[in-house]
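So this one's target38.tsv, TSV, C-alpha atoms:
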chain	number	residue	atom	x	y	z
Z	441	MET	CA	-25.25	-17.67	24.92
Z	442	ASN	CA	-27.13	-14.50	23.90
Z	443	SER	CA	-30.06	-14.65	21.53
Z	444	GLU	CA	-28.16	-13.29	18.53
Z	445	GLU	CA	-25.56	-16.05	18.75
Z	446	ASN	CA	-28.35	-18.54	19.21
Z	447	ASP	CA	-30.03	-17.33	15.99
Z	448	GLN	CA	-26.76	-17.62	14.13
Z	449	SER	CA	-26.26	-21.16	15.23
Z	450	SER	CA	-29.82	-22.00	14.07
Z	451	VAL	CA	-28.83	-20.73	10.62
Z	452	VAL	CA	-25.74	-22.94	10.73
Z	453	TRP	CA	-27.89	-26.00	11.58
Z	454	PHE	CA	-30.38	-25.07	8.82
Z	455	LEU	CA	-27.45	-25.03	6.36
Z	456	THR	CA	-26.22	-28.36	7.78
Z	457	GLY	CA	-29.68	-29.77	7.07
Z	458	MET	CA	-29.53	-28.36	3.51
Z	459	ARG	CA	-26.28	-30.25	2.95
Z	460	GLY	CA	-28.30	-33.44	3.50
Z	461	LEU	CA	-29.23	-32.98	-0.18
Z	462	PHE	CA	-25.81	-34.46	-0.97
Z	463	SER	CA	-26.42	-37.72	0.88
Z	464	LEU	CA	-27.19	-41.27	-0.23
Z	465	PRO	CA	-30.90	-41.11	0.77
Z	466	ALA	CA	-31.48	-37.81	-1.08
Z	467	PHE	CA	-29.67	-39.19	-4.13
Z	468	ILE	CA	-31.80	-42.34	-4.15
Z	469	LEU	CA	-34.99	-40.30	-3.72
Z	470	MET	CA	-34.00	-38.13	-6.69
Z	471	LEU	CA	-33.46	-41.27	-8.79
Z	472	SER	CA	-36.94	-42.43	-7.68
Z	473	PHE	CA	-38.32	-39.08	-8.86
Z	474	VAL	CA	-36.70	-39.66	-12.24
Z	475	GLY	CA	-38.65	-42.93	-12.30
Z	476	PHE	CA	-41.84	-41.06	-11.29
Z	477	CYS	CA	-41.24	-38.59	-14.15
Z	478	SER	CA	-41.18	-41.42	-16.63
Z	479	LEU	CA	-44.47	-42.73	-15.18
Z	480	THR	CA	-46.21	-39.32	-15.50
Z	481	ALA	CA	-44.76	-38.67	-18.96
Z	482	GLN	CA	-46.18	-42.01	-20.13
Z	483	ALA	CA	-49.52	-41.11	-18.50
Z	484	GLY	CA	-49.60	-37.81	-20.46
Z	485	ILE	CA	-49.76	-35.51	-17.43
Z	486	PRO	CA	-48.30	-32.08	-18.34
Z	487	PRO	CA	-44.98	-31.15	-16.64
Z	488	GLN	CA	-46.44	-28.09	-14.83
Z	489	GLN	CA	-48.94	-30.34	-13.07
Z	490	VAL	CA	-46.23	-32.85	-12.16
Z	491	VAL	CA	-44.14	-30.07	-10.57
Z	492	PHE	CA	-47.23	-28.77	-8.72
Z	493	MET	CA	-47.99	-32.29	-7.49
Z	494	THR	CA	-44.42	-32.79	-6.28
Z	495	GLY	CA	-44.58	-29.66	-4.11
Z	496	MET	CA	-48.14	-30.11	-2.85
Z	497	VAL	CA	-48.36	-33.85	-2.19
Z	498	TRP	CA	-44.68	-34.73	-1.72
Z	499	ALA	CA	-45.13	-38.34	-0.52
Z	500	LEU	CA	-44.21	-40.52	-3.51
Z	501	PRO	CA	-46.62	-43.45	-2.91
Z	502	ALA	CA	-49.52	-40.97	-2.55
Z	503	LYS	CA	-48.56	-39.35	-5.87
Z	504	VAL	CA	-48.39	-42.69	-7.66
Z	505	ILE	CA	-51.93	-43.45	-6.43
Z	506	LEU	CA	-53.12	-39.94	-7.39
Z	507	VAL	CA	-51.71	-40.37	-10.92
Z	508	SER	CA	-53.31	-43.77	-11.36
Z	509	SER	CA	-56.67	-42.31	-10.17
Z	510	MET	CA	-56.34	-39.46	-12.67
Z	511	MET	CA	-55.49	-41.88	-15.48
Z	512	SER	CA	-58.44	-44.14	-14.77
Z	513	GLY	CA	-60.80	-41.13	-14.75
Z	514	ALA	CA	-61.78	-41.59	-11.09
Z	515	SER	CA	-64.10	-39.02	-9.50
Z	516	LEU	CA	-62.70	-36.44	-7.08
Z	517	ALA	CA	-64.26	-38.27	-4.11
Z	518	ALA	CA	-62.85	-41.66	-5.14
Z	519	ALA	CA	-59.37	-40.21	-5.72
Z	520	PHE	CA	-59.51	-38.38	-2.37
Z	521	LEU	CA	-60.45	-41.61	-0.58
Z	522	ALA	CA	-57.73	-43.69	-2.27
Z	523	VAL	CA	-55.01	-41.13	-1.55
Z	524	SER	CA	-56.26	-40.62	2.04
Z	525	LEU	CA	-56.17	-44.34	2.77
Z	526	SER	CA	-52.65	-44.65	1.39
Z	527	SER	CA	-51.51	-41.71	3.52
Z	528	VAL	CA	-52.82	-42.69	6.95
Z	529	ARG	CA	-49.31	-44.00	7.63
Z	530	LEU	CA	-48.08	-40.38	7.63
Z	531	MET	CA	-49.89	-39.84	10.95
Z	532	PRO	CA	-47.91	-42.32	13.10
Z	533	MET	CA	-44.73	-41.39	11.20
Z	534	VAL	CA	-45.15	-37.71	12.07
Z	535	ALA	CA	-46.31	-38.60	15.60
Z	536	ALA	CA	-43.12	-40.63	16.16
Z	537	LEU	CA	-40.89	-37.86	14.75
Z	538	ILE	CA	-42.39	-34.87	16.60
Z	539	PRO	CA	-41.19	-35.88	20.11
Z	540	GLU	CA	-37.65	-36.17	18.64
Z	541	LEU	CA	-37.77	-32.70	17.07
Z	542	ARG	CA	-39.56	-30.36	19.42
Z	543	THR	CA	-38.57	-28.62	22.62
Z	544	SER	CA	-41.08	-27.32	25.17
Z	545	LYS	CA	-40.87	-23.94	23.37
Z	546	THR	CA	-41.43	-25.06	19.76
Z	547	PRO	CA	-44.66	-23.42	18.49
Z	548	THR	CA	-47.27	-25.85	17.15
Z	549	TRP	CA	-47.85	-23.80	13.95
Z	550	LEU	CA	-44.19	-24.33	13.03
Z	551	LEU	CA	-44.52	-28.10	13.51
Z	552	LEU	CA	-47.74	-28.10	11.44
Z	553	PHE	CA	-45.89	-26.28	8.63
Z	554	LEU	CA	-42.83	-28.53	8.80
Z	555	SER	CA	-44.92	-31.71	8.87
Z	556	HIS	CA	-45.66	-31.09	5.17
Z	557	PHE	CA	-42.06	-32.05	4.39
Z	558	VAL	CA	-42.36	-35.46	6.04
Z	559	ALA	CA	-42.44	-38.44	3.68
Z	560	ILE	CA	-40.64	-41.76	4.00
Z	561	THR	CA	-37.17	-40.53	2.94
Z	562	ALA	CA	-37.19	-37.40	5.12
Z	563	TRP	CA	-38.58	-39.45	8.01
Z	564	VAL	CA	-35.92	-42.17	7.80
Z	565	PHE	CA	-33.18	-39.54	7.37
Z	566	ALA	CA	-34.44	-37.38	10.27
Z	567	MET	CA	-35.00	-40.27	12.69
Z	568	GLU	CA	-31.39	-41.32	12.06
Z	569	LYS	CA	-29.61	-37.95	12.03
Z	570	VAL	CA	-31.38	-35.82	14.66
Z	571	GLN	CA	-29.71	-37.79	17.44
Z	572	ALA	CA	-26.45	-36.00	16.66
Z	573	VAL	CA	-28.11	-32.53	16.60
Z	574	PRO	CA	-28.58	-30.48	19.81
Z	575	ARG	CA	-32.25	-30.66	20.73
Z	576	ASP	CA	-33.00	-26.91	20.35
Z	577	LYS	CA	-31.50	-26.98	16.83
Z	578	ARG	CA	-33.34	-30.04	15.52
Z	579	VAL	CA	-36.26	-28.05	14.08
Z	580	ALA	CA	-33.83	-25.82	12.11
Z	581	PHE	CA	-31.91	-28.90	10.92
Z	582	PHE	CA	-35.05	-30.68	9.75
Z	583	ALA	CA	-36.42	-27.52	8.06
Z	584	GLY	CA	-33.16	-27.11	6.14
Z	585	PHE	CA	-33.21	-30.71	4.95
Z	586	GLY	CA	-36.95	-31.07	4.29
Z	587	ILE	CA	-37.53	-27.80	2.42
Z	588	THR	CA	-34.37	-28.20	0.31
Z	589	LEU	CA	-35.30	-31.74	-0.65
Z	590	VAL	CA	-38.78	-30.72	-1.85
Z	591	VAL	CA	-37.56	-27.70	-3.83
Z	592	ALA	CA	-34.67	-29.67	-5.39
Z	593	ASN	CA	-37.04	-32.40	-6.55
Z	594	MET	CA	-39.50	-29.84	-8.02
Z	595	VAL	CA	-36.61	-28.42	-10.09
Z	596	LEU	CA	-35.43	-31.91	-10.99
Z	597	VAL	CA	-38.90	-32.94	-12.19
Z	598	ALA	CA	-39.23	-29.77	-14.32
Z	599	ILE	CA	-35.91	-30.51	-16.07
Z	600	VAL	CA	-35.91	-34.30	-16.31
Z	601	TYR	CA	-39.52	-34.66	-17.53
Z	602	HIS	CA	-38.46	-33.90	-21.09
Z	603	PHE	CA	-35.70	-36.54	-21.20
Z	604	VAL	CA	-37.26	-39.62	-19.64
Z	605	ALA	CA	-39.42	-40.90	-22.47
Z	606	ASP	CA	-37.17	-43.73	-23.62
Z	607	PHE	CA	-35.19	-45.27	-20.79
Z	608	PRO	CA	-33.88	-48.78	-21.46
Z	609	PRO	CA	-36.07	-51.26	-19.51
Z	610	VAL	CA	-33.21	-52.51	-17.31
Z	611	VAL	CA	-32.54	-48.93	-16.13
Z	612	ALA	CA	-36.24	-48.22	-15.52
Z	613	GLY	CA	-36.58	-51.48	-13.54
Z	614	CYS	CA	-33.54	-50.75	-11.37
Z	615	LEU	CA	-34.75	-47.18	-10.68
Z	616	PHE	CA	-38.04	-48.57	-9.42
Z	617	PHE	CA	-36.33	-51.16	-7.19
Z	618	LEU	CA	-34.01	-48.63	-5.53
Z	619	THR	CA	-36.80	-47.16	-3.41
Z	620	PRO	CA	-37.89	-50.27	-1.45
Z	621	ILE	CA	-34.30	-51.49	-1.06
Z	622	TYR	CA	-33.12	-48.17	0.28
Z	623	PHE	CA	-36.01	-48.02	2.79
Z	624	LEU	CA	-35.23	-51.54	3.95
Z	625	ALA	CA	-31.48	-51.00	4.41
Z	626	SER	CA	-31.76	-47.62	6.09
Z	627	ILE	CA	-34.54	-48.54	8.53
Z	628	TRP	CA	-32.50	-51.53	9.69
Z	629	HIS	CA	-29.34	-49.45	9.86
Z	630	SER	CA	-30.91	-46.52	11.75
Z	631	ALA	CA	-33.04	-48.49	14.25
Z	632	ARG	CA	-32.19	-47.51	17.81
Z	633	HIS	CA	-35.05	-49.31	19.53
Z	634	PRO	CA	-35.36	-53.13	19.47
Z	635	VAL	CA	-39.06	-52.80	18.62
Z	636	VAL	CA	-38.13	-51.38	15.19
Z	637	TYR	CA	-36.45	-54.62	14.01
Z	638	ILE	CA	-39.44	-56.71	15.04
Z	639	ALA	CA	-41.94	-54.24	13.52
Z	640	LEU	CA	-39.96	-54.21	10.26
Z	641	LEU	CA	-40.06	-58.00	10.04
Z	642	PHE	CA	-43.76	-58.26	10.98
Z	643	GLY	CA	-44.70	-55.46	8.56
Z	644	LEU	CA	-42.89	-57.21	5.68
Z	645	LEU	CA	-44.88	-60.40	6.35
Z	646	ALA	CA	-48.19	-58.68	7.20
Z	647	GLY	CA	-48.13	-56.51	4.03
Z	648	PRO	CA	-48.63	-59.41	1.56
Z	649	LEU	CA	-50.88	-61.29	4.00
Z	650	PHE	CA	-53.38	-58.40	4.24
Z	651	TYR	CA	-53.02	-57.65	0.51
Z	652	TRP	CA	-54.35	-61.15	0.02
Z	653	LEU	CA	-57.06	-60.87	2.73
Z	654	ALA	CA	-58.29	-57.28	2.28
Z	655	PRO	CA	-56.55	-55.49	-0.61
Z	656	GLU	CA	-58.32	-52.12	-0.11
Z	657	PHE	CA	-57.01	-51.61	3.42
Z	658	ASP	CA	-53.89	-53.77	3.33
Z	659	ILE	CA	-51.25	-51.19	4.31
Z	660	LEU	CA	-53.35	-49.82	7.14
Z	661	LEU	CA	-54.20	-53.25	8.56
Z	662	ALA	CA	-50.64	-54.51	8.16
Z	663	GLY	CA	-49.32	-51.45	9.99
Z	664	VAL	CA	-51.74	-51.49	12.90
Z	665	GLY	CA	-51.88	-55.31	13.18
Z	666	GLY	CA	-48.20	-56.06	12.53
Z	667	GLY	CA	-47.03	-53.04	14.54
Z	668	THR	CA	-49.20	-53.84	17.57
Z	669	LEU	CA	-48.07	-57.47	17.56
Z	670	ALA	CA	-44.42	-56.38	17.27
Z	671	TRP	CA	-44.89	-53.97	20.16
Z	672	ALA	CA	-46.53	-56.67	22.32
Z	673	VAL	CA	-43.79	-59.21	21.54
Z	674	GLU	CA	-41.01	-56.75	22.31
Z	675	ARG	CA	-42.70	-55.70	25.55
Z	676	LEU	CA	-43.11	-59.27	26.73
Z	677	TRP	CA	-39.49	-60.02	25.86
Z	678	ARG	CA	-38.30	-56.87	27.66
Z	679	GLY	CA	-40.38	-57.82	30.73
Z	680	ARG	CA	-38.87	-61.33	30.81
Z	681	ARG	CA	-35.36	-59.98	30.54
Z	682	GLU	CA	-35.95	-57.54	33.40
Z	683	ILE	CA	-37.24	-60.35	35.59
Z	684	GLY	CA	-34.31	-62.59	34.60
Z	685	ALA	CA	-31.71	-59.87	35.26
U	358	MET	CA	-65.09	-31.84	-17.33
U	359	THR	CA	-61.97	-34.06	-17.09
U	360	TRP	CA	-58.80	-33.75	-15.08
U	361	HIS	CA	-56.65	-32.26	-17.80
U	362	ASP	CA	-58.76	-29.10	-18.28
U	363	GLY	CA	-56.64	-26.21	-16.94
U	364	TRP	CA	-57.56	-25.03	-13.44
U	365	TRP	CA	-59.59	-28.14	-12.66
U	366	ALA	CA	-56.47	-30.32	-12.80
U	367	TYR	CA	-54.82	-28.12	-10.18
U	368	ALA	CA	-57.94	-28.11	-7.98
U	369	PHE	CA	-58.08	-31.91	-8.33
U	370	ILE	CA	-54.44	-32.28	-7.28
U	371	ALA	CA	-54.92	-29.84	-4.38
U	372	ILE	CA	-57.98	-31.62	-2.97
U	373	ALA	CA	-57.32	-35.30	-3.75
U	374	GLY	CA	-53.54	-34.93	-3.35
U	375	TRP	CA	-52.52	-32.18	-0.97
U	376	LEU	CA	-55.49	-32.17	1.43
U	377	ALA	CA	-55.71	-35.98	1.48
U	378	THR	CA	-52.07	-36.24	2.64
U	379	ASP	CA	-51.58	-33.15	4.82
U	380	ILE	CA	-54.64	-33.92	6.98
U	381	TRP	CA	-52.75	-36.98	8.28
U	382	ARG	CA	-49.55	-35.03	8.82
U	383	TRP	CA	-51.45	-32.42	10.88
U	384	LEU	CA	-53.16	-35.12	12.94
U	385	GLY	CA	-49.71	-36.63	13.47
U	386	VAL	CA	-48.40	-33.31	14.85
U	387	ILE	CA	-51.35	-33.08	17.25
U	388	ALA	CA	-50.89	-36.68	18.39
U	389	GLY	CA	-47.09	-36.39	18.57
U	390	ASN	CA	-47.31	-33.25	20.68
U	391	ARG	CA	-49.00	-35.30	23.41
U	392	LEU	CA	-46.43	-38.11	23.44
U	393	ARG	CA	-43.49	-38.07	25.87
U	394	ASP	CA	-40.37	-39.29	24.13
U	395	ASP	CA	-39.80	-42.14	26.59
U	396	SER	CA	-43.40	-43.35	26.86
U	397	GLU	CA	-44.79	-46.80	26.06
U	398	ALA	CA	-47.38	-45.12	23.80
U	399	LEU	CA	-44.58	-43.69	21.63
U	400	ASN	CA	-43.02	-47.16	21.46
U	401	TRP	CA	-46.33	-48.45	20.04
U	402	VAL	CA	-46.61	-45.56	17.55
U	403	ARG	CA	-43.03	-46.26	16.47
U	404	ALA	CA	-43.86	-49.95	15.90
U	405	VAL	CA	-47.00	-49.13	13.87
U	406	ALA	CA	-45.18	-46.52	11.75
U	407	THR	CA	-42.34	-48.96	11.02
U	408	ALA	CA	-44.72	-51.81	10.16
U	409	LEU	CA	-46.69	-49.52	7.79
U	410	VAL	CA	-43.53	-48.56	5.92
U	411	ALA	CA	-42.45	-52.23	5.87
U	412	ALA	CA	-45.80	-53.19	4.31
U	413	VAL	CA	-45.25	-50.56	1.59
U	414	ILE	CA	-41.76	-52.04	0.99
U	415	ALA	CA	-43.12	-55.59	0.71
U	416	LYS	CA	-45.78	-54.48	-1.78
U	417	LEU	CA	-43.26	-52.63	-3.95
U	418	ILE	CA	-41.08	-55.76	-4.08
U	419	LEU	CA	-43.85	-58.34	-4.57
U	420	TYR	CA	-46.25	-56.32	-6.75
U	421	PRO	CA	-44.18	-53.76	-8.69
U	422	THR	CA	-45.53	-51.65	-11.55
U	423	GLY	CA	-43.96	-50.81	-14.91
U	424	VAL	CA	-41.07	-52.87	-16.31
U	425	LEU	CA	-40.69	-55.04	-13.18
U	426	GLU	CA	-44.32	-56.17	-13.39
U	427	HIS	CA	-43.12	-58.60	-16.09
U	428	SER	CA	-40.00	-59.76	-14.21
U	429	PRO	CA	-40.06	-63.11	-12.35
U	430	LEU	CA	-40.67	-63.02	-8.59
U	431	TRP	CA	-37.67	-65.31	-7.91
U	432	LEU	CA	-35.36	-62.75	-9.47
U	433	ARG	CA	-36.65	-59.90	-7.26
U	434	LEU	CA	-36.60	-62.01	-4.07
U	435	GLY	CA	-33.21	-63.48	-5.01
U	436	ALA	CA	-31.74	-60.01	-5.53
U	437	VAL	CA	-33.05	-58.92	-2.10
U	438	ALA	CA	-31.68	-62.10	-0.45
U	439	ILE	CA	-28.19	-61.66	-1.98
U	440	GLY	CA	-28.24	-57.95	-1.05
U	441	ALA	CA	-29.27	-58.81	2.52
U	442	ALA	CA	-26.46	-61.41	2.80
U	443	ALA	CA	-23.91	-58.81	1.61
U	444	PHE	CA	-25.35	-56.23	4.04
U	445	PHE	CA	-25.03	-58.51	7.09
U	446	LEU	CA	-21.70	-60.10	6.14
U	447	LEU	CA	-19.90	-56.90	5.13
U	448	GLY	CA	-20.36	-54.56	8.08
U	449	ARG	CA	-24.08	-53.62	7.76
U	450	LYS	CA	-23.48	-50.62	5.53
U	451	PRO	CA	-26.68	-49.61	3.66
U	452	ALA	CA	-24.75	-48.72	0.48
U	453	ILE	CA	-23.32	-52.27	0.24
U	454	GLY	CA	-26.76	-53.87	0.53
U	455	ILE	CA	-28.32	-51.47	-1.97
U	456	VAL	CA	-25.57	-51.72	-4.62
U	457	THR	CA	-25.44	-55.55	-4.36
U	458	THR	CA	-29.22	-55.88	-4.72
U	459	ILE	CA	-29.46	-53.53	-7.69
U	460	ALA	CA	-26.44	-55.08	-9.43
U	461	THR	CA	-27.96	-58.58	-9.03
U	462	LEU	CA	-31.30	-57.37	-10.36
U	463	ALA	CA	-29.68	-55.58	-13.32
U	464	ALA	CA	-27.64	-58.69	-14.21
U	465	GLY	CA	-30.75	-60.89	-13.95
U	466	LEU	CA	-32.90	-58.57	-16.08
U	467	TRP	CA	-30.14	-58.36	-18.70
U	468	TRP	CA	-29.70	-62.16	-18.71
U	469	LEU	CA	-33.47	-62.63	-19.16
U	470	GLY	CA	-33.37	-60.33	-22.18
U	471	PHE	CA	-35.16	-57.25	-20.84
Can you turn what I pasted into structure tokens?
Amino acid sequence: MNSEENDQSSVVWFLTGMRGLFSLPAFILMLSFVGFCSLTAQAGIPPQQVVFMTGMVWALPAKVILVSSMMSGASLAAAFLAVSLSSVRLMPMVAALIPELRTSKTPTWLLLFLSHFVAITAWVFAMEKVQAVPRDKRVAFFAGFGITLVVANMVLVAIVYHFVADFPPVVAGCLFFLTPIYFLASIWHSARHPVVYIALLFGLLAGPLFYWLAPEFDILLAGVGGGTLAWAVERLWRGRREIGA
Amino acid sequence: MTWHDGWWAYAFIAIAGWLATDIWRWLGVIAGNRLRDDSEALNWVRAVATALVAAVIAKLILYPTGVLEHSPLWLRLGAVAIGAAAFFLLGRKPAIGIVTTIATLAAGLWWLGF
């Protein structure tokens, strides 16, 4: 294949990634952003700032924490610390995704740029779908999906902000609940390594346990503690099976 | 000076929002670039990343904000349990689990007079 054809096929994979906008995960994320709009509208944050926040921060849990810091009048340092702590999870998520995306020739600056578009939805979607994409086209595919999803949600926020003031409570409650349920179903569905099932289960139990023990660092401790235990259990189990076989 | 004064709000969002999240993404790229995709280290990273997301899920279900803050815990857990049963019994399709859970929750909220 000559390089011109190769470029063309990258464009095709970028467009394939863009089409991910019309998928169940993207649809659920957009509904979650409608819910986020209603939160910011109630908090009195102007729509321009909400659009800016959507593009710059992207990860929804980090934005919810940023908004609650802004509302409570927290200092810049306190808000930075709270958002940082909630976002440590992005590091292992990106670290797990990068080996799936890159080839030996992918420049690091491109990966640094594209990492901005990683949040839970894009991560779950990419971990599931990249398997079916040729390795040298995965970066183009992810760029198409990630960039489109961010831009679409910025537009959505700008439009929807003005209409969300008075949702019926049942609708608002269901919008909120969509996010965790979608994450749960799609992680289980897309898991290709046995360790993922165990880590999911341990994380679900460790989350509330550490919230009760050490609420400031609960997510971090639950992830590192629950994840390490899940990894150790799966490794032991794998070792036993290999001996038995 | 408070957060809603013009440029300061944007600077606040950029520092406490953008920088506080992208630092971790960049560190993730640097760490991920060193991992081979069949290594035991990546298996551990995968487990930690999954457990972190799972902890976020558990918190959203157990300690929600907004309207659901006032809903009973048994309703939320019951909706998840019925959704999970539908997911496993009916071919493990995410859409089935999600629709069943949300429909159960909506019916429960309506019945409780929300």
### Task
Using CA of Ala625 (chain Z) and CA of Tyr601 (chain Z) as the two end points, give the distance in Å to one decimal.
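Taking CA of Ala625 (chain Z) and CA of Tyr601 (chain Z), their separation equals 28.5 Å.
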### Task
For chain Z, work out the contacting residues on chain U at 6 Å, counting only C-alpha atoms, and write them as a list of chain:residue names.
U:Ala373, U:Gly374, U:Trp375, U:Ala377, U:Thr378, U:Trp381, U:Arg382, U:Trp383, U:Gly385, U:Val386, U:Ala388, U:Gly389, U:Asp394, U:Trp401, U:Val402, U:Arg403, U:Ala404, U:Val405, U:Ala406, U:Thr407, U:Ala408, U:Leu409, U:Ala411, U:Ala412, U:Ile414, U:Ala415, U:Val424, U:Leu425, U:Pro451
Could those selected residues go to a file with C-alpha atoms, as a PDB file, in the frame of the given file?
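Below is the file part11.pdb, written as the result:
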ATOM      1  CA  ALA U 373     -57.320 -35.300  -3.750  1.00  0.00           C
ATOM      2  CA  GLY U 374     -53.540 -34.930  -3.350  1.00  0.00           C
ATOM      3  CA  TRP U 375     -52.520 -32.180  -0.970  1.00  0.00           C
ATOM      4  CA  ALA U 377     -55.710 -35.980   1.480  1.00  0.00           C
ATOM      5  CA  THR U 378     -52.070 -36.240   2.640  1.00  0.00           C
ATOM      6  CA  TRP U 381     -52.750 -36.980   8.280  1.00  0.00           C
ATOM      7  CA  ARG U 382     -49.550 -35.030   8.820  1.00  0.00           C
ATOM      8  CA  TRP U 383     -51.450 -32.420  10.880  1.00  0.00           C
ATOM      9  CA  GLY U 385     -49.710 -36.630  13.470  1.00  0.00           C
ATOM     10  CA  VAL U 386     -48.400 -33.310  14.850  1.00  0.00           C
ATOM     11  CA  ALA U 388     -50.890 -36.680  18.390  1.00  0.00           C
ATOM     12  CA  GLY U 389     -47.090 -36.390  18.570  1.00  0.00           C
ATOM     13  CA  ASP U 394     -40.370 -39.290  24.130  1.00  0.00           C
ATOM     14  CA  TRP U 401     -46.330 -48.450  20.040  1.00  0.00           C
ATOM     15  CA  VAL U 402     -46.610 -45.560  17.550  1.00  0.00           C
ATOM     16  CA  ARG U 403     -43.030 -46.260  16.470  1.00  0.00           C
ATOM     17  CA  ALA U 404     -43.860 -49.950  15.900  1.00  0.00           C
ATOM     18  CA  VAL U 405     -47.000 -49.130  13.870  1.00  0.00           C
ATOM     19  CA  ALA U 406     -45.180 -46.520  11.750  1.00  0.00           C
ATOM     20  CA  THR U 407     -42.340 -48.960  11.020  1.00  0.00           C
ATOM     21  CA  ALA U 408     -44.720 -51.810  10.160  1.00  0.00           C
ATOM     22  CA  LEU U 409     -46.690 -49.520   7.790  1.00  0.00           C
ATOM     23  CA  ALA U 411     -42.450 -52.230   5.870  1.00  0.00           C
ATOM     24  CA  ALA U 412     -45.800 -53.190   4.310  1.00  0.00           C
ATOM     25  CA  ILE U 414     -41.760 -52.040   0.990  1.00  0.00           C
ATOM     26  CA  ALA U 415     -43.120 -55.590   0.710  1.00  0.00           C
ATOM     27  CA  VAL U 424     -41.070 -52.870 -16.310  1.00  0.00           C
ATOM     28  CA  LEU U 425     -40.690 -55.040 -13.180  1.00  0.00           C
ATOM     29  CA  PRO U 451     -26.680 -49.610   3.660  1.00  0.00           C
TER      30      PRO U 451
END
### Message
One decimal, in Å: what's the spacing between CA of Arg459 (chain Z) and CA of Leu471 (chain Z)?
### Response
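So the answer is 17.6 Å.
Take CA of Phe582 (chain Z) and CA of Ala566 (chain Z): the distance between them is 6.7 Å.
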Could you please fill out region 406-419 of chain U with N, CA and C atoms and send it back as a short mmCIF file (atom, residue, chain, number, x, y, z; two decimals), in the frame of the given file?
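part15.cif written:
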data_model
loop_
_atom_site.label_atom_id
_atom_site.label_comp_id
_atom_site.auth_asym_id
_atom_site.auth_seq_id
_atom_site.Cartn_x
_atom_site.Cartn_y
_atom_site.Cartn_z
N ALA U 406 -45.74 -47.28 12.87
CA ALA U 406 -45.18 -46.52 11.75
C ALA U 406 -44.18 -47.37 10.97
N THR U 407 -43.33 -48.11 11.68
CA THR U 407 -42.34 -48.96 11.02
C THR U 407 -43.01 -50.08 10.24
N ALA U 408 -44.03 -50.72 10.84
CA ALA U 408 -44.72 -51.81 10.16
C ALA U 408 -45.45 -51.32 8.91
N LEU U 409 -46.02 -50.11 8.97
CA LEU U 409 -46.69 -49.52 7.79
C LEU U 409 -45.70 -49.35 6.65
N VAL U 410 -44.54 -48.77 6.96
CA VAL U 410 -43.53 -48.56 5.92
C VAL U 410 -43.05 -49.91 5.39
N ALA U 411 -42.89 -50.90 6.29
CA ALA U 411 -42.45 -52.23 5.87
C ALA U 411 -43.47 -52.87 4.93
N ALA U 412 -44.77 -52.64 5.19
CA ALA U 412 -45.80 -53.19 4.31
C ALA U 412 -45.72 -52.56 2.93
N VAL U 413 -45.44 -51.24 2.88
CA VAL U 413 -45.25 -50.56 1.59
C VAL U 413 -44.06 -51.18 0.85
N ILE U 414 -42.96 -51.45 1.59
CA ILE U 414 -41.76 -52.04 0.99
C ILE U 414 -42.09 -53.41 0.39
N ALA U 415 -42.79 -54.24 1.18
CA ALA U 415 -43.12 -55.59 0.71
C ALA U 415 -43.97 -55.53 -0.55
N LYS U 416 -44.93 -54.59 -0.60
CA LYS U 416 -45.78 -54.48 -1.78
C LYS U 416 -44.99 -54.03 -3.01
N LEU U 417 -44.07 -53.10 -2.82
CA LEU U 417 -43.26 -52.63 -3.95
C LEU U 417 -42.40 -53.76 -4.51
N ILE U 418 -41.93 -54.65 -3.63
CA ILE U 418 -41.08 -55.76 -4.08
C ILE U 418 -41.91 -56.87 -4.72
N LEU U 419 -43.05 -57.21 -4.08
CA LEU U 419 -43.85 -58.34 -4.57
C LEU U 419 -44.76 -57.96 -5.74
#
